[in-house]
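What's in final08.txt: compact mmCIF, C-alpha atoms
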```txt
# COMPACT_ATOMS: atom_id res chain seq x y z
CA MET K 188 0.00 0.00 0.00
CA ILE K 189 2.88 2.36 0.87
CA LYS K 190 4.54 1.57 -2.44
CA LYS K 191 1.28 2.34 -4.26
CA LEU K 192 0.90 5.62 -2.35
CA THR K 193 4.44 6.58 -3.27
CA LEU K 194 3.68 5.83 -6.91
CA ILE K 195 0.55 8.02 -6.80
CA ILE K 196 2.52 10.91 -5.29
CA SER K 197 5.25 10.46 -7.88
CA TYR K 198 2.78 10.65 -10.73
CA TRP K 199 1.16 13.68 -9.19
CA LEU K 200 4.56 15.39 -8.94
CA LEU K 201 5.36 14.38 -12.50
CA TYR K 202 2.06 15.87 -13.61
CA ILE K 203 2.88 19.15 -11.85
CA THR K 204 6.39 19.19 -13.23
CA TYR K 205 5.10 18.60 -16.72
CA ALA K 206 2.52 21.32 -16.29
CA ASN K 207 5.13 23.83 -15.12
CA GLY K 208 2.36 26.40 -14.93
CA GLN K 209 1.42 29.13 -12.51
CA ALA K 210 -0.25 28.01 -9.26
CA LEU K 211 -3.80 29.19 -8.62
CA THR K 212 -5.74 29.02 -5.35
CA LEU K 213 -9.48 29.05 -4.80
CA ASP K 214 -9.28 32.27 -2.76
CA SER K 215 -7.30 34.09 -5.45
CA CYS K 216 -9.73 32.84 -8.08
CA LEU K 217 -12.69 34.14 -6.06
CA GLU K 218 -11.03 37.53 -5.57
CA MET K 219 -10.15 37.89 -9.25
CA ALA K 220 -13.72 36.97 -10.24
CA LYS K 221 -15.08 39.56 -7.80
CA GLN K 222 -12.79 42.30 -9.11
CA ASN K 223 -13.53 41.45 -12.74
CA TYR K 224 -17.32 41.21 -12.40
CA PRO K 225 -18.95 44.28 -14.02
CA LEU K 226 -21.13 44.85 -10.95
CA ILE K 227 -18.03 45.77 -8.90
CA LYS K 228 -18.03 49.18 -10.62
CA GLN K 229 -21.34 49.94 -8.93
CA TYR K 230 -19.55 50.39 -5.58
CA ALA K 231 -17.72 53.48 -6.86
CA LEU K 232 -20.90 54.87 -8.44
CA ILE K 233 -22.89 54.43 -5.23
CA GLU K 234 -20.13 56.06 -3.18
CA LYS K 235 -19.96 59.03 -5.55
CA THR K 236 -23.76 59.43 -5.46
CA ARG K 237 -23.64 59.24 -1.67
CA GLU K 238 -21.04 62.03 -1.50
CA TYR K 239 -23.08 64.34 -3.73
CA THR K 240 -26.35 63.60 -1.92
CA LEU K 241 -24.89 64.19 1.55
CA ASP K 242 -23.14 67.34 0.36
CA ASN K 243 -26.44 68.67 -0.96
CA ALA K 244 -28.16 67.82 2.32
CA HIS K 245 -25.39 69.55 4.30
CA LYS K 246 -25.96 72.72 2.29
CA GLY K 247 -29.35 72.90 3.98
CA TYR K 248 -27.50 74.54 6.89
CA LEU K 249 -26.64 77.48 4.63
CA PRO K 250 -28.90 80.54 4.34
CA GLN K 251 -31.31 80.53 1.41
CA ILE K 252 -31.08 83.45 -1.00
CA ASN K 253 -33.98 84.52 -3.18
CA VAL K 254 -34.00 87.35 -5.76
CA ALA K 255 -37.37 88.51 -7.07
CA GLY K 256 -39.00 91.44 -8.76
CA GLN K 257 -42.40 92.54 -9.97
CA ALA K 258 -44.05 95.33 -11.93
CA THR K 259 -47.79 95.88 -11.46
CA TYR K 260 -50.55 98.20 -12.55
CA GLN K 261 -53.60 98.48 -10.34
CA SER K 262 -57.00 100.02 -10.89
CA ASN K 263 -56.94 102.07 -7.73
CA VAL K 264 -54.56 103.25 -5.04
CA THR K 265 -54.91 104.52 -1.49
CA GLU K 266 -55.84 108.20 -1.27
CA ILE K 267 -56.22 110.64 1.64
CA PRO K 268 -59.79 111.99 1.37
CA ILE K 269 -59.00 115.51 2.55
CA SER K 270 -57.90 118.72 0.86
CA LEU K 271 -55.99 121.41 2.69
CA PRO K 272 -55.03 124.82 1.33
CA ASN K 273 -51.38 125.34 0.48
CA LEU K 274 -50.71 121.61 1.02
CA ASP K 275 -49.99 119.24 -1.81
CA ILE K 276 -50.69 115.66 -0.70
CA PRO K 277 -48.81 113.23 -2.98
CA GLN K 278 -50.75 110.47 -4.73
CA THR K 279 -49.35 106.99 -5.20
CA SER K 280 -48.90 105.87 -8.80
CA LYS K 281 -51.03 103.07 -10.13
CA ASP K 282 -47.94 101.50 -11.79
CA GLN K 283 -45.69 100.11 -9.09
CA TYR K 284 -42.28 98.36 -9.17
CA LYS K 285 -40.31 96.23 -6.78
CA LEU K 286 -36.94 94.45 -6.98
CA TYR K 287 -35.62 92.77 -3.84
CA THR K 288 -33.31 90.11 -2.41
CA GLU K 289 -34.27 87.99 0.60
CA ILE K 290 -31.92 85.98 2.77
CA SER K 291 -33.54 83.46 5.10
CA GLN K 292 -32.14 80.98 7.58
CA SER K 293 -34.31 78.09 8.70
CA VAL K 294 -33.99 77.51 12.43
CA THR K 295 -35.97 74.25 12.30
CA ASP K 296 -33.67 72.72 9.66
CA LEU K 297 -30.64 73.26 11.88
CA PHE K 298 -32.05 70.47 14.06
CA THR K 299 -33.68 68.23 11.41
CA ILE K 300 -31.03 68.04 8.65
CA LYS K 301 -29.05 65.59 10.78
CA ASP K 302 -31.94 63.10 10.56
CA GLN K 303 -32.20 63.65 6.81
CA LYS K 304 -28.49 62.88 6.40
CA GLU K 305 -28.88 59.69 8.46
CA TYR K 306 -31.69 58.59 6.14
CA LEU K 307 -29.59 59.29 3.04
CA LYS K 308 -26.65 57.37 4.52
CA ALA K 309 -28.89 54.41 5.32
CA ASN K 310 -30.20 54.31 1.73
CA SER K 311 -26.66 54.48 0.36
CA GLU K 312 -25.58 51.62 2.62
CA ILE K 313 -28.58 49.58 1.44
CA GLU K 314 -27.57 50.02 -2.21
CA THR K 315 -23.98 49.08 -1.38
CA GLN K 316 -25.10 45.98 0.50
CA LYS K 317 -27.39 44.93 -2.36
CA THR K 318 -24.32 44.97 -4.59
CA THR K 319 -22.43 42.88 -2.02
CA VAL K 320 -25.28 40.34 -1.97
CA GLU K 321 -25.20 40.04 -5.76
CA LEU K 322 -21.42 39.63 -5.79
CA TYR K 323 -21.65 36.95 -3.11
CA LYS K 324 -23.62 34.78 -5.50
CA LEU K 325 -20.42 34.40 -7.53
CA ARG K 326 -18.85 32.23 -4.84
CA GLU K 327 -20.84 29.06 -5.50
CA ARG K 328 -20.38 29.36 -9.27
CA ILE K 329 -16.61 29.76 -8.90
CA ASN K 330 -16.51 26.92 -6.36
CA ASN K 331 -18.23 24.53 -8.78
CA LEU K 332 -15.89 25.41 -11.66
CA TYR K 333 -12.75 25.26 -9.52
CA PHE K 334 -13.60 21.90 -7.95
CA GLY K 335 -14.60 20.64 -11.40
CA VAL K 336 -11.03 21.29 -12.52
CA LEU K 337 -9.65 19.60 -9.39
CA LEU K 338 -11.79 16.52 -10.04
CA ILE K 339 -10.53 16.25 -13.61
CA ASP K 340 -6.92 16.75 -12.49
CA ALA K 341 -7.29 13.86 -10.04
CA GLN K 342 -8.92 11.71 -12.75
CA LEU K 343 -6.05 12.50 -15.12
CA VAL K 344 -3.56 11.29 -12.50
CA GLN K 345 -5.60 8.13 -11.97
CA THR K 346 -5.78 7.56 -15.72
CA GLU K 347 -1.99 7.73 -15.89
CA LEU K 348 -1.84 5.09 -13.16
CA LEU K 349 -4.30 2.96 -15.14
CA LYS K 350 -2.07 3.27 -18.20
CA LYS K 351 0.87 2.19 -16.08
CA ASP K 352 -1.01 -0.90 -14.90
CA ILE K 353 -2.02 -1.79 -18.45
CA GLN K 354 1.55 -1.26 -19.65
CA ASN K 355 2.80 -3.56 -16.89
CA GLY K 356 0.26 -6.13 -18.03
CA ILE K 357 1.55 -5.80 -21.61
CA GLU K 358 5.11 -6.40 -20.44
CA LYS K 359 4.13 -9.48 -18.44
CA THR K 360 2.05 -10.78 -21.36
CA LYS K 361 5.08 -10.45 -23.61
CA VAL K 362 6.99 -12.64 -21.17
CA ALA K 363 4.15 -15.15 -21.21
CA ILE K 364 4.11 -15.10 -25.04
CA ALA K 365 7.87 -15.66 -25.10
CA ASN K 366 7.42 -18.61 -22.77
CA GLY K 367 4.68 -20.00 -25.00
CA VAL K 368 1.95 -19.77 -22.36
CA ALA K 369 -0.02 -16.93 -24.03
CA LEU K 370 -1.07 -15.92 -27.52
CA LYS K 371 -0.04 -12.69 -29.27
CA SER K 372 -3.71 -11.60 -29.36
CA ALA K 373 -3.59 -11.36 -25.55
CA ALA K 374 -1.14 -8.45 -25.80
CA ASP K 375 -3.30 -6.84 -28.49
CA ASN K 376 -6.25 -6.92 -26.12
CA LEU K 377 -4.27 -4.95 -23.54
CA LYS K 378 -2.97 -2.51 -26.16
CA ALA K 379 -6.55 -1.77 -27.17
CA GLU K 380 -7.37 -0.96 -23.55
CA LEU K 381 -4.33 1.32 -23.43
CA LEU K 382 -5.68 3.21 -26.43
CA LYS K 383 -9.03 3.55 -24.66
CA ALA K 384 -7.22 5.01 -21.66
CA ASN K 385 -5.54 7.51 -24.01
CA GLN K 386 -8.97 8.46 -25.33
CA ARG K 387 -10.12 9.10 -21.77
CA THR K 388 -7.14 11.41 -21.23
CA ILE K 389 -8.06 13.40 -24.34
CA GLU K 390 -11.67 13.71 -23.21
CA LEU K 391 -10.70 14.77 -19.69
CA LYS K 392 -8.27 17.41 -20.96
CA ALA K 393 -10.93 18.83 -23.27
CA THR K 394 -13.43 19.04 -20.42
CA ARG K 395 -10.77 20.62 -18.19
CA GLN K 396 -10.09 23.26 -20.82
CA GLY K 397 -13.80 24.05 -20.93
CA TYR K 398 -13.83 24.70 -17.17
CA ILE K 399 -10.66 26.80 -17.45
CA ASP K 400 -12.16 28.89 -20.25
CA MET K 401 -15.22 29.63 -18.11
CA LEU K 402 -13.03 30.57 -15.15
CA ALA K 403 -11.02 32.84 -17.45
CA LEU K 404 -14.22 34.66 -18.40
CA PHE K 405 -15.16 35.14 -14.76
CA THR K 406 -11.71 36.26 -13.61
CA GLY K 407 -10.64 38.16 -16.72
CA LYS K 408 -7.31 36.30 -16.58
CA PRO K 409 -6.20 33.89 -19.29
CA PHE K 410 -5.23 30.43 -18.01
CA ASP K 411 -3.27 28.03 -20.15
CA PRO K 412 -3.79 24.26 -19.92
CA ASN K 413 -0.70 24.00 -17.69
CA THR K 414 -2.11 26.18 -14.93
CA ILE K 415 -1.89 24.37 -11.59
CA PHE K 416 -5.03 24.47 -9.47
CA GLU K 417 -4.03 24.00 -5.84
CA LYS K 418 -6.22 21.74 -3.75
CA PRO K 419 -7.67 23.71 -0.82
CA GLY K 420 -7.57 22.39 2.71
CA ARG K 421 -10.44 20.85 4.63
CA GLN K 422 -12.92 23.21 6.25
CA ILE K 423 -13.95 23.48 9.89
CA LEU K 424 -17.69 23.73 9.46
CA SER K 425 -19.82 26.19 11.41
CA ASN K 426 -23.58 26.55 11.36
CA LEU K 427 -23.34 30.19 12.42
CA ILE K 428 -25.02 32.15 9.61
CA ASN K 429 -23.16 35.28 8.56
CA ARG K 430 -24.60 35.97 5.13
CA PRO K 431 -24.56 39.50 3.61
CA GLU K 432 -28.35 39.29 3.24
CA LEU K 433 -28.68 39.58 7.03
CA LYS K 434 -26.82 42.89 7.02
CA LEU K 435 -29.06 44.07 4.19
CA PHE K 436 -32.18 43.30 6.26
CA ALA K 437 -30.69 45.17 9.23
CA LEU K 438 -29.89 48.22 7.08
CA GLN K 439 -33.43 48.24 5.68
CA LYS K 440 -34.84 48.30 9.23
CA LYS K 441 -32.45 51.15 10.07
CA SER K 442 -33.74 53.05 7.05
CA PHE K 443 -37.34 52.72 8.27
CA GLU K 444 -36.30 54.10 11.67
CA ALA K 445 -34.75 57.12 9.93
CA GLN K 446 -37.93 57.60 7.87
CA ASN K 447 -39.94 57.60 11.10
CA LYS K 448 -37.88 60.54 12.39
CA LEU K 449 -38.36 62.40 9.12
CA LEU K 450 -42.15 62.00 9.42
CA THR K 451 -42.03 63.62 12.83
CA ASN K 452 -39.78 66.42 11.57
CA LYS K 453 -42.08 67.10 8.62
CA ASN K 454 -44.89 68.13 10.97
CA LEU K 455 -42.84 70.45 13.16
CA PRO K 456 -43.47 74.22 13.06
CA ARG K 457 -41.22 75.93 10.53
CA VAL K 458 -39.25 78.75 12.13
CA SER K 459 -36.85 80.93 10.12
CA LEU K 460 -35.06 84.27 10.28
CA PHE K 461 -35.14 86.52 7.25
CA LEU K 462 -33.73 89.76 5.92
CA GLN K 463 -35.17 91.41 2.82
CA GLY K 464 -33.63 94.37 1.04
CA GLY K 465 -34.91 95.99 -2.14
CA PHE K 466 -35.64 98.97 -4.32
CA GLY K 467 -39.00 100.04 -5.68
CA ARG K 468 -41.80 102.50 -6.06
CA PRO K 469 -43.32 103.02 -3.63
CA GLY K 470 -40.97 101.87 -0.85
CA LEU K 471 -42.11 101.26 2.68
CA ASN K 472 -43.39 104.83 2.84
CA MET K 473 -46.58 104.63 0.79
CA LEU K 474 -46.96 108.42 0.78
CA LYS K 475 -43.68 108.93 -1.04
CA ASN K 476 -44.22 108.27 -4.73
CA ASP K 477 -40.53 107.97 -5.66
CA PHE K 478 -38.15 105.05 -6.15
CA GLN K 479 -36.50 104.27 -2.84
CA GLY K 480 -34.53 101.51 -1.13
CA TYR K 481 -35.76 99.59 1.88
CA PHE K 482 -35.10 96.58 4.09
CA ILE K 483 -37.17 94.36 6.35
CA GLY K 484 -35.89 91.79 8.86
CA GLY K 485 -37.63 89.49 11.25
CA LEU K 486 -38.81 86.04 12.31
CA ARG K 487 -41.21 83.82 10.37
CA VAL K 488 -43.24 81.03 11.89
CA GLY K 489 -45.41 78.62 9.95
CA TRP K 490 -47.08 75.35 10.82
CA ASN K 491 -48.81 73.18 8.25
CA LEU K 492 -51.25 71.19 10.36
CA SER K 493 -52.62 69.16 7.44
CA GLY K 494 -49.71 66.73 7.86
CA PHE K 495 -51.38 65.41 11.00
CA TYR K 496 -54.19 64.00 8.85
CA THR K 497 -51.93 61.24 7.51
CA ILE K 498 -48.99 60.92 9.92
CA LYS K 499 -50.60 58.12 11.93
CA ASN K 500 -51.24 56.00 8.83
CA GLU K 501 -47.77 56.75 7.48
CA LYS K 502 -46.16 55.57 10.72
CA GLU K 503 -48.35 52.46 10.71
CA MET K 504 -47.15 51.72 7.17
CA LEU K 505 -43.54 52.07 8.29
CA ALA K 506 -44.21 49.67 11.15
CA LEU K 507 -45.76 47.19 8.72
CA ASN K 508 -42.75 47.47 6.43
CA GLN K 509 -40.47 46.74 9.39
CA ASN K 510 -42.56 43.67 10.17
CA ILE K 511 -42.22 42.55 6.55
CA ILE K 512 -38.41 42.81 6.87
CA GLU K 513 -38.53 40.74 10.07
CA VAL K 514 -40.59 38.07 8.29
CA GLN K 515 -38.13 38.09 5.35
CA THR K 516 -35.23 37.71 7.79
CA ALA K 517 -36.88 34.79 9.58
CA THR K 518 -37.73 33.13 6.25
CA PHE K 519 -34.18 33.57 4.99
CA LEU K 520 -32.72 32.08 8.18
CA PHE K 521 -35.18 29.16 8.02
CA ASN K 522 -34.32 28.33 4.40
CA THR K 523 -30.60 28.75 4.99
CA ASN K 524 -30.66 26.47 8.03
CA LEU K 525 -32.63 23.92 6.02
CA THR K 526 -30.03 24.03 3.24
CA LEU K 527 -27.22 23.68 5.79
CA LYS K 528 -28.85 20.61 7.34
CA GLN K 529 -29.14 19.00 3.89
CA GLN K 530 -25.51 19.86 3.08
CA ASN K 531 -24.29 18.55 6.45
CA ALA K 532 -26.16 15.29 5.84
CA GLU K 533 -24.47 15.00 2.43
CA ILE K 534 -21.08 15.66 4.04
CA VAL K 535 -21.61 12.88 6.60
CA LYS K 536 -22.73 10.52 3.82
CA MET K 537 -19.67 11.39 1.74
CA GLN K 538 -17.34 10.78 4.69
CA GLU K 539 -18.82 7.32 5.19
CA LEU K 540 -18.55 6.52 1.47
CA ILE K 541 -14.88 7.54 1.45
CA VAL K 542 -14.09 5.11 4.29
CA LEU K 543 -15.69 2.30 2.27
CA ASP K 544 -14.00 3.50 -0.94
CA LYS K 545 -10.59 3.14 0.70
CA ASN K 546 -11.34 -0.37 1.86
CA ILE K 547 -12.68 -1.35 -1.56
CA THR K 548 -9.63 0.18 -3.27
CA THR K 549 -7.27 -1.82 -1.03
CA LEU K 550 -9.07 -5.06 -1.86
CA ARG K 551 -9.27 -4.32 -5.59
CA GLU K 552 -5.56 -3.48 -5.64
CA SER K 553 -4.72 -6.79 -3.98
CA VAL K 554 -6.80 -8.70 -6.54
CA LYS K 555 -5.16 -6.81 -9.41
CA ASN K 556 -1.62 -7.48 -8.14
CA THR K 557 -2.37 -11.19 -7.78
CA THR K 558 -3.87 -11.36 -11.26
CA GLN K 559 -0.89 -9.47 -12.66
CA ASN K 560 1.51 -12.10 -11.27
CA GLN K 561 -0.68 -14.89 -12.63
CA LEU K 562 -0.58 -13.23 -16.04
CA THR K 563 3.16 -13.90 -16.31
CA TYR K 564 2.68 -17.62 -15.86
CA GLY K 565 -0.39 -17.90 -18.02
CA THR K 566 -2.67 -18.88 -15.16
CA ALA K 567 -4.77 -15.77 -15.79
CA THR K 568 -5.99 -14.38 -19.09
CA THR K 569 -5.71 -10.78 -20.20
CA ASN K 570 -9.47 -10.54 -19.77
CA ASP K 571 -9.10 -11.63 -16.15
CA TYR K 572 -6.41 -8.98 -15.70
CA LEU K 573 -8.46 -6.25 -17.38
CA VAL K 574 -11.45 -7.06 -15.18
CA ALA K 575 -9.24 -6.66 -12.10
CA VAL K 576 -7.59 -3.47 -13.43
CA ASN K 577 -10.88 -1.87 -14.38
CA ALA K 578 -12.43 -2.83 -11.04
CA GLU K 579 -9.52 -1.19 -9.21
CA ASP K 580 -9.73 1.85 -11.49
CA LEU K 581 -13.46 2.19 -10.82
CA ALA K 582 -12.86 1.97 -7.06
CA LYS K 583 -10.17 4.65 -7.24
CA GLN K 584 -12.29 6.84 -9.48
CA ASN K 585 -15.11 6.62 -6.92
CA LEU K 586 -12.68 7.52 -4.15
CA ILE K 587 -11.36 10.50 -6.12
CA ILE K 588 -14.84 11.74 -6.97
CA HIS K 589 -16.07 11.40 -3.40
CA GLU K 590 -13.01 13.16 -1.95
CA VAL K 591 -13.40 16.14 -4.27
CA GLN K 592 -17.16 16.17 -3.73
CA LEU K 593 -16.57 16.22 0.03
CA LEU K 594 -14.32 19.25 -0.32
CA MET K 595 -16.82 20.98 -2.58
CA LEU K 596 -19.67 20.22 -0.17
CA GLU K 597 -17.68 21.67 2.72
CA TYR K 598 -16.88 24.86 0.82
CA ASN K 599 -20.45 25.19 -0.44
CA ALA K 600 -21.70 24.75 3.15
CA GLN K 601 -19.37 27.52 4.25
CA THR K 602 -20.66 29.65 1.38
CA THR K 603 -24.25 28.92 2.40
CA ALA K 604 -23.47 29.95 5.97
CA GLY K 605 -21.50 32.99 4.85
CA ASN K 606 -18.28 31.98 6.65
```

With the file now loaded, output its structure as structure tokens.
Amino acid sequence: MIKKLTLIISYWLLYITYANGQALTLDSCLEMAKQNYPLIKQYALIEKTREYTLDNAHKGYLPQINVAGQATYQSNVTEIPISLPNLDIPQTSKDQYKLYTEISQSVTDLFTIKDQKEYLKANSEIETQKTTVELYKLRERINNLYFGVLLIDAQLVQTELLKKDIQNGIEKTKVAIANGVALKSAADNLKAELLKANQRTIELKATRQGYIDMLALFTGKPFDPNTIFEKPGRQILSNLINRPELKLFALQKKSFEAQNKLLTNKNLPRVSLFLQGGFGRPGLNMLKNDFQGYFIGGLRVGWNLSGFYTIKNEKEMLALNQNIIEVQTATFLFNTNLTLKQQNAEIVKMQELIVLDKNITTLRESVKNTTQNQLTYGTATTNDYLVAVNAEDLAKQNLIIHEVQLLMLEYNAQTTAGN
């Protein structure tokens, strides 16, 4: 068994040496795929939008400046209904003009803009997290492609071992033919099986290239057929769920809390300071019918009470939306836990199959070695030998498949849990 293990390692090293390509890990492949995915650009766009939006909201602290003017003609004007001798009482013109600038500073907004900025930040974080959730979906796709390559690599190594066994059988058959205990057709039978093994190698390499081409599209990096895909280590499984969707749900609830504050702020009295300066005819003195400058300063207070008609319903709707998020969170956790239980059951099954695979492989190898020795002396036919070789190959192929599947199941379980 130790000799066989040494032979397997030797072939694996020979395969790597022949490949002489650049090593690639699963983590680096995942990172390259993430950086290459078009959606990654959305992070920068969301951040830029966030900066502009918050900057605009911050400008709410600044005074508001308004420039206005008007020219009017009216059918009547105010007159003093008295007439005094030697006294000319001026009459206001029916055409009047006004041009003014008003500067106002909202006192209420000085206290409410903070809540508006918190709401804008929460929405920006939600958009960012949505992008993270979408990018996370790449992990399982990359996992499947990467482990597909690993499975084929292991099958290629096993196929080389199969070829070696068939070649050994050919050599022993030649000895048997030389000793007159076997026919030449016996060697031809083994040579045909060797050609079939070569066909399998061609098929496996073509399939491997297909996986590599798909990984190249995801990562944006060209991989040649000699690229070495490193086998990742076993995973310590955890059922603690840490998926990005959970953070998204939490951010959505935070956004509703910010909206609740904004509803309250919307119905507060509006208090502002203002200063208005202008030029017109008449000015503030209505009895002076000339163009003149003026200014007015003061405090404005306004309160739109109609908002109280709907604020109760609006807050109830926010509460309902929060409940919907809680239900979505609970549903997501339920489905994720269900998937984890199924994956954990598959992992346990695969572990048990691997134990049996190893025992079967040991027995099949023993039968093959015995048949190989019998082949030299003509006590076993090439068909007997091929049955033993193929049985051992099938056992090893099952072992290889189950070992890679176990790794893939472990990594997919970690992906499902978000760890």

At a cut-off of 9 Å, can you tabulate as a Markdown table every residue of stretch 463-539 of chain K near stretch 426-445 of chain K together with its closest atom pair and the distance in Å to one decimal, using only C-alpha atoms and ordering rows by chain then number?
```
| residue | atom | partner | partner_atom | distance |
| --- | --- | --- | --- | --- |
| K:Leu505 | CA | K:Phe443 | CA | 6.2 |
| K:Ala506 | CA | K:Phe443 | CA | 8.0 |
| K:Asn508 | CA | K:Phe443 | CA | 7.8 |
| K:Gln509 | CA | K:Lys440 | CA | 5.8 |
| K:Ile512 | CA | K:Phe436 | CA | 6.3 |
| K:Glu513 | CA | K:Phe436 | CA | 7.8 |
| K:Gln515 | CA | K:Phe436 | CA | 8.0 |
| K:Thr516 | CA | K:Phe436 | CA | 6.5 |
| K:Phe519 | CA | K:Glu432 | CA | 8.4 |
| K:Leu520 | CA | K:Ile428 | CA | 7.8 |
| K:Thr523 | CA | K:Ile428 | CA | 8.0 |
| K:Asn524 | CA | K:Asn426 | CA | 7.8 |
| K:Leu527 | CA | K:Asn426 | CA | 7.2 |
| K:Lys528 | CA | K:Asn426 | CA | 8.9 |
```

_Give me the residues near stretch 385-394 of chain K as number ranges by chain, where near means some atom within 7 Å (using all atoms listed in the file) and where sequence neighbours in that chain fewer than 2 positions away do not count._
K: 339, 343, 346, 381-383, 396-398

*Got a sec: who's within 9 Å of stretch 542-554 of chain K, counting all atoms listed in the file, leaving out chain neighbours fewer than 4 positions off, as an MDAnalysis selection string?*
chainID K and resid 188 537:538 558:559 575:576 578:583 585:586 589

*Using all atoms listed in the file, which of K:Lys475, K:Lys536, K:Lys371, K:Arg457 sits nearest K:Leu492?*
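Checking each of K:Lys475, K:Lys536, K:Lys371, K:Arg457 against K:Leu492, counting all atoms listed in the file, the winner is K:Arg457.
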
Each stretch 264-358 of chain K residue no farther than 9 Å from stretch 242-247 of chain K, nearest pair in Å, all atoms listed in the file, as a tab-separated table:
```
residue	atom	partner	partner_atom	distance
K:Ser293	CA	K:Gly247	CA	8.6
K:Asp296	CA	K:Gly247	CA	7.1
K:Leu297	CA	K:Gly247	CA	8.0
K:Ile300	CA	K:Gly247	CA	6.9
K:Lys301	CA	K:His245	CA	8.4
K:Gln303	CA	K:Ala244	CA	7.3
K:Lys304	CA	K:Ala244	CA	6.4
K:Leu307	CA	K:Ala244	CA	8.7
```

*Would you list the contacts of K:Leu217 as a list of chain:residue names, taking every protein, DNA or RNA residue within 8 Å and counting all atoms listed in the file, but skipping same-chain residues closer than 4 positions in sequence?*
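Here the answer would be K:Leu213, K:Lys221, K:Leu325, K:Arg326, K:Ile329, K:Thr406.
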
*Between K:Ala258, K:Asn577, K:Val458, K:Thr557, which is the closest to K:Leu349 once you count all atoms listed in the file?*
K:Asn577

*Counting all atoms listed in the file, figure out which residue out of K:Pro277, K:Gly335, K:Pro469, K:Pro272 gets nearest to K:Ile587.*
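Smallest separation from K:Ile587 among the options: K:Gly335.
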
*Tell me which of K:Gln342, K:Gln222, K:Asn599, K:Asn570 sits closest to K:Gly356, counting only C-alpha atoms.*
K:Asn570
